Amino acid sequence: MTTREITYLEAVREAMSQEMRENEDVFILGEDIGVYGGAFGVTRGMIEEFGPERVRNTPISEAAIAGAAVGSALTGMRPILELQFSDFITIAMDQIVNQAAKTRYMFGGKGKVPMVLRTPAGSGTGAAAQHSQSLEAWMAHIPGLKVVQPSTAYDAKGLLKAAMDDDNPVIFYEHKLLYKTSSNVPEESYKIELGKADIKREGTDVTIVATAIMVHKALEAAEVLEKDGISAEVIDPRTIVPLDKETIIESVKKTGKLIVVHEAVKRGGIGGEIVGVIAESEAFDYLDAPIIRLGGKEVPIPYNPNLEKAAIPQVPDIIAAVKKTVRK
Amino acid sequence: MLKNLEIPSMITEKKLKDLYKEMWTIRYFDEKVDQFFAKGMIHGTTHLCVGQEASASGSIAVIGGKDKIVSTHRGHGHCISKEGDINKMMAELFGRETGYCKGKGGSMHIADVEKGNLGANGIVGGGIPLAVGAALTSKMKNENYVVLCFFGDGATNEGSFHESLNLAAIWNLPVIFICENNQYGMSGSVKEMTKIEHIATRSEGYGIPGKIVDGLDMFEIMNTVHEAVEHARGGNGPTLIEMKTYRWKGHSKSDAKKYRTREEENEWRAKDGIKRFKDALIDAEVLTEEEAKQLQEEAKTSIEEAVEFAANSPEPSIERLEEDVFA
Ligand SMILES: Cc1ncc(C[n+]2csc(CCOP(=O)(O)OP(=O)(O)O)c2C)c(N)n1
Ligand SMILES: [Mg+2]
């Protein structure tokens with residue numbers, strides 16, 4: 001496979017464009033995704049290639065466009081809905097939670113909703129409380145939805161392909177601060193199976209399970225820790241539904257120590273679920289120290305840049321947590 | 001009637017001069033903010049109302065201190081018109097402790113609850129139901145205030161707009177829905193995103209009056225809003241007023257403006273609401289050229305002072321992070 005370095009943003013666009021060239025049923029809808037190219041520029045150039053029938057620029061009507069995605073998916077299309085900011089899922093919630101997630105089950109296994117809802121999440125851009133949230137745990141709580149959080153360009157492309165191929169509603173979270181990061185990505189289309197974690201760095205002393213942007217912070221922390229003689233293993237679940245429990249359990253059995261870190265508010269965050277998985281598994285017996293969860297403070301994301309940084313875990317917080325755990 | 005100007009009776013000669021200065025204050029404020037963003041001196045995002053000053057100033061001119069407003073993401077003008085403090089506004093944009101939101105909100109969340117400004121809003125259409133609730137309080141507690149609810153053309157495609165108009169209509173609430181139709185959402189034009197010629201006609205579906213005004217004509221704005229306010233105070237319920245206007249700048253900070261032509265921009269710029277107001281005031285001998293220049297100069301200086309205030313204000317300390325989550 002020929003690879004080259006492209007950005008996360010380009011990887012997402014390439015995955016969509018390749019799929020749209022292959023499959024007439026795939027189309028994208030969303031606000032300002034036409035000539036504007038989307039709020040973050042992900043769809044730039046797509047309307048020029050695919051035209052306004054398949055790159056549908058919509059009114060500002062999140063409930064209706066989410067529902068239109070669900071309804072068209074139920075009847076044979078394979079829509080990709082770009083929701084401009086993940087915070088706006090609140091307005092689309094009925095269609096996603098009460099309709100998309102439940103239709104097949106309620107209908108006794110009839111019908112399917114093959115749609116992808118792509119949406120930018122996370123803080124760090126100074127957009128404040130209503131444009132910076134990480135609400136993935138809400139989605140993970142709903143049976144019938146799959147939830148994906150790629151952390152690299154390579155993962156983004158392969159996971160999006162899998163999401164588009166999936167016959168179920170998939171919520172695909174793109175982290176705004178990752179859009180400009182790049183990695184080596186194959187030119188051709190490829191798939192990364194949903195539900196397969198990736199060990200981003202192998203280690204023996206402590207397991208750090210991190211999601212989305214926290215994967216990068218955990219890797220940075222691991223570099224620093226290595227200089228102090230601590231070998232950290234960094235696991236990126238990549239998809240929180242389905243969750244690759246096995247990879248996490250195996251790692252904890254090896255290291256005996258676990259740190260879980262995500263940007264979303266710690267209370268009620270997916271970290272609690274991951275810790276619960278370990279507590280209920282055979283890995284529990286291998287633990288040498290209490291588990292530490294790191295997550296956002298219990299506050300809306302503030303505007304001031306210093307406060308904004310302080311609201312979520314940073315590299316020094318991860319290092320401190322590891323040191324506390326390893327010392328035990 | 002003041003020197004042949006047809007205006008609501010509470011609008012004095014002094015008020016007209018104040019309004020002229022206020023419009024320049026709004027314009028200079030947003031032009032300054034635009035420069036700061038262009039230089040990367042301010043974090044986050046902002047939505048500028050340069051070109052749209054009249055719909056804020058003219059509407060808010062005809063309500064009183066007890067009355068309330070609900071603003072939008074493009075809210076600097078509304079805040080200034082509702083007696084907002086530009087020092088606190090600029091400090092907020094700088095993320096400082098002395099800002100309206102102690103540096104926690106930024107441009108999209110500036111609010112001045114004491115002055116009756118229930119806040120800008122980061123959610124398109126998010127403020128409309130709140131305005132209905134504020135009007136409900138007025139009615140239930142016999143407070144006799146009215147609420148001016150501002151929103152854009154794009155917001156009228158949200159369910160919240162439709163649900164709110166119906167609710168306010170059946171409960172006869174004292175709320176005036178003001179659609180600042182600047183022709184575009186972020187990029188979607190009204191022409192593409194609706195099948196109607198005038199957004200005001202949506203009022204018909206809810207059984208309330210709908211009015212279309214030239215959103216760059218201060219006199220038409222003041223008269224129409226005044227009439228709707230009287231209607232609401234008389235217990236007759238809401239009105240939907242559409243103000244045709246135009247934003248001169250890009251949607252947020254700047255953008256490539258690929259969704260519109262430079263010719264169209266120039267046509268609208270030529271209809272400048274501030275200039276028209278000035279010409280009318282000079283015609284009516286309310287202002288002289290000299291005074292007009294002076295007021296404009298004062299507005300400019302006030303912005304320089306606001307920048308100075310903001311730049312010299314402290315950053316919020318980290319201890320503030322976890323404050324104010326609950327009352
Ligand atoms: C619910 C929601 N959807 C989308 C957005 C992103 N957004 C912010 S402003 C805007 C355009 C709003 O258009 P309009 O209501 O006409 O107001 P204008 O910006 O023109 O003043 C969009 C799409 C948002 N903030 N909230
Ligand atoms: Mg608009």
# chains A, B, ... in the order shown; residues from 1 in each chain; ligands from 1

$ residues_near_ligand --ligand "ligand 2" --cutoff "12 Å" --atoms "only C-alpha atoms and all ligand atoms" --output "PDB file with N, CA and C atoms, in the first residue's frame"
ATOM      1  N   PRO A  59     -30.595  23.676   5.894  1.00  0.00           N
ATOM      2  CA  PRO A  59     -30.916  24.768   6.822  1.00  0.00           C
ATOM      3  C   PRO A  59     -30.416  24.420   8.230  1.00  0.00           C
ATOM      4  N   ILE A  60     -30.492  25.378   9.112  1.00  0.00           N
ATOM      5  CA  ILE A  60     -30.072  25.161  10.503  1.00  0.00           C
ATOM      6  C   ILE A  60     -31.253  24.515  11.222  1.00  0.00           C
TER       7      ILE A  60
ATOM      8  N   HIS B  47     -18.728  37.010  16.390  1.00  0.00           N
ATOM      9  CA  HIS B  47     -19.589  37.283  15.241  1.00  0.00           C
ATOM     10  C   HIS B  47     -19.882  38.771  15.245  1.00  0.00           C
ATOM     11  N   LEU B  48     -19.500  39.449  14.171  1.00  0.00           N
ATOM     12  CA  LEU B  48     -19.541  40.905  14.154  1.00  0.00           C
ATOM     13  C   LEU B  48     -20.832  41.430  13.523  1.00  0.00           C
ATOM     14  N   CYS B  49     -21.336  42.536  14.085  1.00  0.00           N
ATOM     15  CA  CYS B  49     -22.598  43.087  13.568  1.00  0.00           C
ATOM     16  C   CYS B  49     -22.372  44.388  12.814  1.00  0.00           C
ATOM     17  N   GLN B  52     -25.091  46.100  10.776  1.00  0.00           N
ATOM     18  CA  GLN B  52     -26.407  45.776  11.332  1.00  0.00           C
ATOM     19  C   GLN B  52     -26.765  46.645  12.547  1.00  0.00           C
ATOM     20  N   THR B  72     -28.270  37.216  20.626  1.00  0.00           N
ATOM     21  CA  THR B  72     -27.759  36.074  19.848  1.00  0.00           C
ATOM     22  C   THR B  72     -26.231  36.052  19.877  1.00  0.00           C
ATOM     23  N   HIS B  73     -25.680  35.088  19.135  1.00  0.00           N
ATOM     24  CA  HIS B  73     -24.219  35.020  18.973  1.00  0.00           C
ATOM     25  C   HIS B  73     -23.684  36.312  18.350  1.00  0.00           C
ATOM     26  N   ARG B  74     -24.522  37.017  17.572  1.00  0.00           N
ATOM     27  CA  ARG B  74     -24.073  38.279  16.967  1.00  0.00           C
ATOM     28  C   ARG B  74     -24.612  39.407  17.849  1.00  0.00           C
ATOM     29  N   VAL B 124     -27.923  28.529  18.017  1.00  0.00           N
ATOM     30  CA  VAL B 124     -28.843  29.210  17.106  1.00  0.00           C
ATOM     31  C   VAL B 124     -30.274  28.799  17.465  1.00  0.00           C
ATOM     32  N   GLY B 125     -31.102  29.791  17.732  1.00  0.00           N
ATOM     33  CA  GLY B 125     -32.486  29.514  18.140  1.00  0.00           C
ATOM     34  C   GLY B 125     -32.607  29.195  19.613  1.00  0.00           C
ATOM     35  N   PHE B 150     -34.281  38.776  19.889  1.00  0.00           N
ATOM     36  CA  PHE B 150     -33.547  38.874  18.619  1.00  0.00           C
ATOM     37  C   PHE B 150     -33.092  37.490  18.152  1.00  0.00           C
ATOM     38  N   PHE B 151     -33.097  37.295  16.859  1.00  0.00           N
ATOM     39  CA  PHE B 151     -32.540  36.057  16.275  1.00  0.00           C
ATOM     40  C   PHE B 151     -32.306  36.331  14.793  1.00  0.00           C
ATOM     41  N   GLY B 152     -31.577  35.443  14.153  1.00  0.00           N
ATOM     42  CA  GLY B 152     -31.261  35.638  12.741  1.00  0.00           C
ATOM     43  C   GLY B 152     -32.247  34.935  11.833  1.00  0.00           C
ATOM     44  N   ASP B 153     -32.068  35.126  10.543  1.00  0.00           N
ATOM     45  CA  ASP B 153     -32.898  34.437   9.553  1.00  0.00           C
ATOM     46  C   ASP B 153     -32.710  32.925   9.662  1.00  0.00           C
ATOM     47  N   GLY B 154     -31.455  32.512   9.860  1.00  0.00           N
ATOM     48  CA  GLY B 154     -31.159  31.079   9.931  1.00  0.00           C
ATOM     49  C   GLY B 154     -31.900  30.405  11.074  1.00  0.00           C
ATOM     50  N   ALA B 155     -32.038  31.123  12.167  1.00  0.00           N
ATOM     51  CA  ALA B 155     -32.683  30.558  13.354  1.00  0.00           C
ATOM     52  C   ALA B 155     -34.146  30.230  13.113  1.00  0.00           C
ATOM     53  N   THR B 156     -34.752  30.868  12.121  1.00  0.00           N
ATOM     54  CA  THR B 156     -36.180  30.615  11.898  1.00  0.00           C
ATOM     55  C   THR B 156     -36.424  29.253  11.245  1.00  0.00           C
ATOM     56  N   ASN B 157     -35.341  28.522  10.960  1.00  0.00           N
ATOM     57  CA  ASN B 157     -35.514  27.151  10.469  1.00  0.00           C
ATOM     58  C   ASN B 157     -35.343  26.119  11.579  1.00  0.00           C
ATOM     59  N   CYS B 179     -36.575  39.314  13.888  1.00  0.00           N
ATOM     60  CA  CYS B 179     -35.673  38.542  13.030  1.00  0.00           C
ATOM     61  C   CYS B 179     -34.760  39.514  12.286  1.00  0.00           C
ATOM     62  N   GLU B 180     -33.492  39.478  12.596  1.00  0.00           N
ATOM     63  CA  GLU B 180     -32.520  40.308  11.868  1.00  0.00           C
ATOM     64  C   GLU B 180     -32.098  39.505  10.650  1.00  0.00           C
ATOM     65  N   ASN B 181     -32.810  39.734   9.576  1.00  0.00           N
ATOM     66  CA  ASN B 181     -32.546  38.967   8.354  1.00  0.00           C
ATOM     67  C   ASN B 181     -31.395  39.622   7.594  1.00  0.00           C
ATOM     68  N   ASN B 182     -30.197  39.056   7.833  1.00  0.00           N
ATOM     69  CA  ASN B 182     -29.013  39.602   7.150  1.00  0.00           C
ATOM     70  C   ASN B 182     -28.690  38.771   5.903  1.00  0.00           C
ATOM     71  N   GLN B 183     -29.683  38.043   5.436  1.00  0.00           N
ATOM     72  CA  GLN B 183     -29.642  37.295   4.163  1.00  0.00           C
ATOM     73  C   GLN B 183     -28.920  35.950   4.205  1.00  0.00           C
ATOM     74  N   TYR B 184     -28.125  35.718   5.249  1.00  0.00           N
ATOM     75  CA  TYR B 184     -27.354  34.465   5.321  1.00  0.00           C
ATOM     76  C   TYR B 184     -27.306  33.921   6.736  1.00  0.00           C
ATOM     77  N   GLY B 185     -27.164  32.613   6.829  1.00  0.00           N
ATOM     78  CA  GLY B 185     -26.769  31.994   8.086  1.00  0.00           C
ATOM     79  C   GLY B 185     -25.245  32.098   8.100  1.00  0.00           C
ATOM     80  N   MET B 186     -24.578  30.969   8.306  1.00  0.00           N
ATOM     81  CA  MET B 186     -23.122  30.997   8.197  1.00  0.00           C
ATOM     82  C   MET B 186     -22.772  31.169   6.712  1.00  0.00           C
ATOM     83  N   SER B 187     -23.409  30.351   5.873  1.00  0.00           N
ATOM     84  CA  SER B 187     -23.205  30.492   4.431  1.00  0.00           C
ATOM     85  C   SER B 187     -24.507  30.287   3.660  1.00  0.00           C
ATOM     86  N   GLY B 188     -25.476  29.633   4.292  1.00  0.00           N
ATOM     87  CA  GLY B 188     -26.721  29.327   3.589  1.00  0.00           C
ATOM     88  C   GLY B 188     -27.563  30.584   3.438  1.00  0.00           C
ATOM     89  N   SER B 189     -27.959  30.898   2.204  1.00  0.00           N
ATOM     90  CA  SER B 189     -28.748  32.116   2.000  1.00  0.00           C
ATOM     91  C   SER B 189     -30.217  31.847   2.286  1.00  0.00           C
ATOM     92  N   VAL B 190     -30.928  32.909   2.624  1.00  0.00           N
ATOM     93  CA  VAL B 190     -32.365  32.785   2.871  1.00  0.00           C
ATOM     94  C   VAL B 190     -33.046  32.229   1.624  1.00  0.00           C
ATOM     95  N   LYS B 191     -32.573  32.646   0.468  1.00  0.00           N
ATOM     96  CA  LYS B 191     -33.172  32.177  -0.783  1.00  0.00           C
ATOM     97  C   LYS B 191     -33.083  30.667  -0.925  1.00  0.00           C
ATOM     98  N   MET B 193     -32.462  28.513   1.667  1.00  0.00           N
ATOM     99  CA  MET B 193     -32.868  27.768   2.852  1.00  0.00           C
ATOM    100  C   MET B 193     -34.338  27.916   3.234  1.00  0.00           C
ATOM    101  N   ILE B 199     -39.663  36.287   5.684  1.00  0.00           N
ATOM    102  CA  ILE B 199     -39.766  35.478   6.902  1.00  0.00           C
ATOM    103  C   ILE B 199     -40.952  35.942   7.749  1.00  0.00           C
ATOM    104  N   GLU B 242     -39.663  41.345  10.885  1.00  0.00           N
ATOM    105  CA  GLU B 242     -38.478  40.980  10.103  1.00  0.00           C
ATOM    106  C   GLU B 242     -37.763  42.255   9.671  1.00  0.00           C
ATOM    107  N   MET B 243     -36.495  42.355   9.982  1.00  0.00           N
ATOM    108  CA  MET B 243     -35.712  43.530   9.583  1.00  0.00           C
ATOM    109  C   MET B 243     -34.709  43.114   8.521  1.00  0.00           C
ATOM    110  N   LYS B 244     -34.842  43.673   7.340  1.00  0.00           N
ATOM    111  CA  LYS B 244     -33.937  43.306   6.240  1.00  0.00           C
ATOM    112  C   LYS B 244     -32.627  44.068   6.407  1.00  0.00           C
ATOM    113  N   THR B 245     -31.568  43.327   6.576  1.00  0.00           N
ATOM    114  CA  THR B 245     -30.283  43.963   6.839  1.00  0.00           C
ATOM    115  C   THR B 245     -29.159  43.149   6.200  1.00  0.00           C
ATOM    116  N   TYR B 246     -27.931  43.424   6.580  1.00  0.00           N
ATOM    117  CA  TYR B 246     -26.788  42.762   5.945  1.00  0.00           C
ATOM    118  C   TYR B 246     -25.587  42.840   6.871  1.00  0.00           C
ATOM    119  N   ARG B 247     -24.868  41.705   6.995  1.00  0.00           N
ATOM    120  CA  ARG B 247     -23.623  41.810   7.760  1.00  0.00           C
ATOM    121  C   ARG B 247     -22.496  42.100   6.784  1.00  0.00           C
ATOM    122  N   TRP B 248     -21.709  43.100   7.114  1.00  0.00           N
ATOM    123  CA  TRP B 248     -20.640  43.486   6.198  1.00  0.00           C
ATOM    124  C   TRP B 248     -19.465  42.517   6.242  1.00  0.00           C
ATOM    125  N   LYS B 249     -19.238  41.929   7.410  1.00  0.00           N
ATOM    126  CA  LYS B 249     -18.065  41.055   7.568  1.00  0.00           C
ATOM    127  C   LYS B 249     -18.441  39.609   7.277  1.00  0.00           C
ATOM    128  N   GLY B 250     -17.451  38.738   7.388  1.00  0.00           N
ATOM    129  CA  GLY B 250     -17.711  37.305   7.244  1.00  0.00           C
ATOM    130  C   GLY B 250     -18.569  36.817   8.401  1.00  0.00           C
ATOM    131  N   HIS B 251     -18.913  35.536   8.368  1.00  0.00           N
ATOM    132  CA  HIS B 251     -19.804  35.022   9.402  1.00  0.00           C
ATOM    133  C   HIS B 251     -19.204  35.129  10.800  1.00  0.00           C
ATOM    134  N   SER B 252     -18.062  34.490  10.999  1.00  0.00           N
ATOM    135  CA  SER B 252     -17.423  34.567  12.307  1.00  0.00           C
ATOM    136  C   SER B 252     -15.982  34.938  12.040  1.00  0.00           C
TER     137      SER B 252
END

$ interface_residues --of "chain A" --to "chain B" --cutoff "10 Å" --atoms "only C-alpha atoms" --output "ChimeraX atom specification"
/A:31-39,57-64,87-88,91,124-131,297-311

$ closest_residue --among "B:Ile110, B:Asn144, B:Lys253, B:Asp85" --to "ligand 1" --atoms "only C-alpha atoms and all ligand atoms"
B:Lys253

$ select_by_dssp --residues "stretch 78-142 of chain B" --states "alpha helix (DSSP H)" --output "compact mmCIF listing (two decimals) with N, CA and C atoms, in the first residue's frame"
# COMPACT_ATOMS: atom_id res chain seq x y z
N HIS B 78 -26.56 44.51 20.44
CA HIS B 78 -27.70 44.45 21.37
C HIS B 78 -27.25 44.86 22.77
N CYS B 79 -26.11 44.35 23.17
CA CYS B 79 -25.61 44.61 24.53
C CYS B 79 -25.32 46.10 24.71
N ILE B 80 -24.65 46.69 23.72
CA ILE B 80 -24.33 48.12 23.81
C ILE B 80 -25.62 48.94 23.85
N SER B 81 -26.58 48.60 23.00
CA SER B 81 -27.83 49.36 22.99
C SER B 81 -28.59 49.23 24.30
N ILE B 86 -19.14 48.96 27.72
CA ILE B 86 -18.17 48.46 26.73
C ILE B 86 -16.85 48.05 27.36
N ASN B 87 -16.55 48.61 28.53
CA ASN B 87 -15.32 48.16 29.21
C ASN B 87 -15.45 46.70 29.59
N LYS B 88 -16.60 46.37 30.18
CA LYS B 88 -16.81 44.98 30.60
C LYS B 88 -16.91 44.04 29.40
N MET B 89 -17.44 44.57 28.30
CA MET B 89 -17.55 43.73 27.10
C MET B 89 -16.16 43.43 26.54
N MET B 90 -15.35 44.47 26.42
CA MET B 90 -14.02 44.26 25.86
C MET B 90 -13.19 43.36 26.80
N ALA B 91 -13.36 43.59 28.09
CA ALA B 91 -12.61 42.76 29.05
C ALA B 91 -13.03 41.29 28.92
N GLU B 92 -14.30 41.07 28.63
CA GLU B 92 -14.76 39.68 28.45
C GLU B 92 -14.10 39.06 27.23
N LEU B 93 -14.03 39.83 26.16
CA LEU B 93 -13.39 39.31 24.95
C LEU B 93 -11.91 39.01 25.20
N GLY B 127 -32.12 31.07 22.21
CA GLY B 127 -32.66 32.13 23.05
C GLY B 127 -34.16 32.34 22.90
N ILE B 128 -34.72 31.83 21.81
CA ILE B 128 -36.12 32.17 21.51
C ILE B 128 -37.09 31.63 22.58
N PRO B 129 -36.98 30.36 22.95
CA PRO B 129 -37.87 29.88 24.02
C PRO B 129 -37.64 30.60 25.35
N LEU B 130 -36.39 31.00 25.60
CA LEU B 130 -36.11 31.73 26.86
C LEU B 130 -36.87 33.05 26.90
N ALA B 131 -36.96 33.69 25.75
CA ALA B 131 -37.68 34.97 25.68
C ALA B 131 -39.15 34.75 26.02
N VAL B 132 -39.68 33.64 25.58
CA VAL B 132 -41.08 33.31 25.88
C VAL B 132 -41.25 33.14 27.40
N GLY B 133 -40.29 32.49 28.00
CA GLY B 133 -40.34 32.30 29.46
C GLY B 133 -40.24 33.61 30.22
N ALA B 134 -39.37 34.50 29.73
CA ALA B 134 -39.22 35.80 30.39
C ALA B 134 -40.52 36.60 30.26
N ALA B 135 -41.18 36.48 29.12
CA ALA B 135 -42.45 37.17 28.93
C ALA B 135 -43.54 36.55 29.81
N LEU B 136 -43.43 35.27 30.03
CA LEU B 136 -44.39 34.59 30.91
C LEU B 136 -44.28 35.12 32.34
N THR B 137 -43.04 35.33 32.80
CA THR B 137 -42.85 35.91 34.13
C THR B 137 -43.52 37.27 34.22
N SER B 138 -43.30 38.08 33.18
CA SER B 138 -43.89 39.42 33.17
C SER B 138 -45.40 39.34 33.35
N LYS B 139 -46.00 38.39 32.65
CA LYS B 139 -47.45 38.25 32.72
C LYS B 139 -47.90 37.69 34.07
N MET B 140 -47.23 36.62 34.53
CA MET B 140 -47.67 35.97 35.77
C MET B 140 -47.45 36.84 36.99

$ residues_around --residues "stretch 8-17 of chain A" --least-positions-apart "3" --cutoff "7 Å" --atoms "only C-alpha atoms" --output "list of chain:residue names"
A:Met20, A:Arg21, A:Val42, A:Thr43, A:Thr152, A:Ala153, A:Ala156, A:Lys157, A:Leu160, A:Lys161, A:Leu178, A:Tyr179, A:Lys180, A:Thr181, A:Ser182, A:Ser189

$ residues_around --residues "A:Val215" --least-positions-apart "2" --cutoff "9 Å" --atoms "only C-alpha atoms" --output "number ranges by chain"
A: 151, 200, 208-213, 217-220, 234-236, 261-262

$ write_last_selection --atoms "N, CA and C atoms" --output "mmCIF file, in the first residue's frame"
data_model
loop_
_atom_site.group_PDB
_atom_site.id
_atom_site.type_symbol
_atom_site.label_atom_id
_atom_site.label_comp_id
_atom_site.auth_asym_id
_atom_site.auth_seq_id
_atom_site.Cartn_x
_atom_site.Cartn_y
_atom_site.Cartn_z
ATOM 1 N N SER A 151 -8.068 8.894 17.117
ATOM 2 C CA SER A 151 -7.061 9.829 17.642
ATOM 3 C C SER A 151 -5.985 10.175 16.621
ATOM 4 N N LYS A 200 -1.016 1.857 21.534
ATOM 5 C CA LYS A 200 -0.256 2.930 20.876
ATOM 6 C C LYS A 200 1.198 2.918 21.355
ATOM 7 N N ILE A 208 -2.098 2.881 30.651
ATOM 8 C CA ILE A 208 -2.877 4.124 30.544
ATOM 9 C C ILE A 208 -3.875 3.921 29.410
ATOM 10 N N VAL A 209 -5.163 3.947 29.750
ATOM 11 C CA VAL A 209 -6.190 3.889 28.708
ATOM 12 C C VAL A 209 -6.628 5.334 28.466
ATOM 13 N N ALA A 210 -6.458 5.790 27.226
ATOM 14 C CA ALA A 210 -6.761 7.184 26.907
ATOM 15 C C ALA A 210 -7.588 7.235 25.636
ATOM 16 N N THR A 211 -8.461 8.238 25.561
ATOM 17 C CA THR A 211 -9.289 8.373 24.355
ATOM 18 C C THR A 211 -9.019 9.700 23.653
ATOM 19 N N ALA A 212 -9.256 9.711 22.352
ATOM 20 C CA ALA A 212 -9.181 10.915 21.502
ATOM 21 C C ALA A 212 -7.894 11.700 21.753
ATOM 22 N N ILE A 213 -8.014 12.980 22.070
ATOM 23 C CA ILE A 213 -6.804 13.804 22.203
ATOM 24 C C ILE A 213 -5.945 13.354 23.378
ATOM 25 N N LYS A 217 -1.694 13.051 24.731
ATOM 26 C CA LYS A 217 -1.159 13.527 26.015
ATOM 27 C C LYS A 217 -0.567 12.358 26.795
ATOM 28 N N ALA A 218 -1.198 11.189 26.702
ATOM 29 C CA ALA A 218 -0.689 10.013 27.404
ATOM 30 C C ALA A 218 0.659 9.582 26.804
ATOM 31 N N LEU A 219 0.770 9.677 25.491
ATOM 32 C CA LEU A 219 2.032 9.293 24.839
ATOM 33 C C LEU A 219 3.155 10.251 25.243
ATOM 34 N N GLU A 220 2.800 11.514 25.333
ATOM 35 C CA GLU A 220 3.791 12.508 25.778
ATOM 36 C C GLU A 220 4.222 12.208 27.210
ATOM 37 N N VAL A 234 0.280 2.491 26.572
ATOM 38 C CA VAL A 234 -0.827 3.402 26.256
ATOM 39 C C VAL A 234 -1.806 2.697 25.319
ATOM 40 N N ILE A 235 -3.024 2.550 25.785
ATOM 41 C CA ILE A 235 -4.055 1.880 24.986
ATOM 42 C C ILE A 235 -5.108 2.886 24.547
ATOM 43 N N ASP A 236 -5.371 2.856 23.257
ATOM 44 C CA ASP A 236 -6.415 3.713 22.686
ATOM 45 C C ASP A 236 -7.572 2.790 22.293
ATOM 46 N N VAL A 261 -7.851 7.974 31.242
ATOM 47 C CA VAL A 261 -7.900 9.426 31.052
ATOM 48 C C VAL A 261 -8.730 9.812 29.831
ATOM 49 N N HIS A 262 -9.675 10.702 30.075
ATOM 50 C CA HIS A 262 -10.428 11.275 28.955
ATOM 51 C C HIS A 262 -10.718 12.734 29.237
#

$ closest_residue --among "A:Ile240, A:Met93, A:Met77, A:Ile142" --to "ligand 1" --atoms "only C-alpha atoms and all ligand atoms"
A:Met93

$ closest_residue --among "B:Ile241, B:Ala111, B:Ile69, B:Val50" --to "ligand 1" --atoms "only C-alpha atoms and all ligand atoms"
B:Val50

$ residues_around --residues "A:Arg238" --least-positions-apart "3" --cutoff "6 Å" --atoms "only C-alpha atoms" --output "PyMOL selection string"
chain A and resi 149-150+197

$ atom_distance --atom1 "atom CA of B:Ser254" --atom2 "atom CA of B:Ala38"
8.0 Å

$ select_by_dssp --residues "stretch 116-296 of chain A" --states "strand (DSSP E or B)" --output "ChimeraX atom specification"
/A:116-121,146-148,170-175,182-186,198-201,206-210,232-236,239-241,258-265,292-296

$ residues_around --residues "A:Asn184" --least-positions-apart "5" --cutoff "6 Å" --atoms "only C-alpha atoms" --output "list in words"
Thr3, Arg4 and Glu5 of chain A

$ closest_residue --among "A:Gly30, A:Pro79, A:Pro313, A:Gly276" --to "ligand 1" --atoms "only C-alpha atoms and all ligand atoms"
A:Gly30

$ closest_residue --among "A:Gln95, A:Thr2, A:Ser86, A:Thr204" --to "ligand 1" --atoms "only C-alpha atoms and all ligand atoms"
A:Ser86
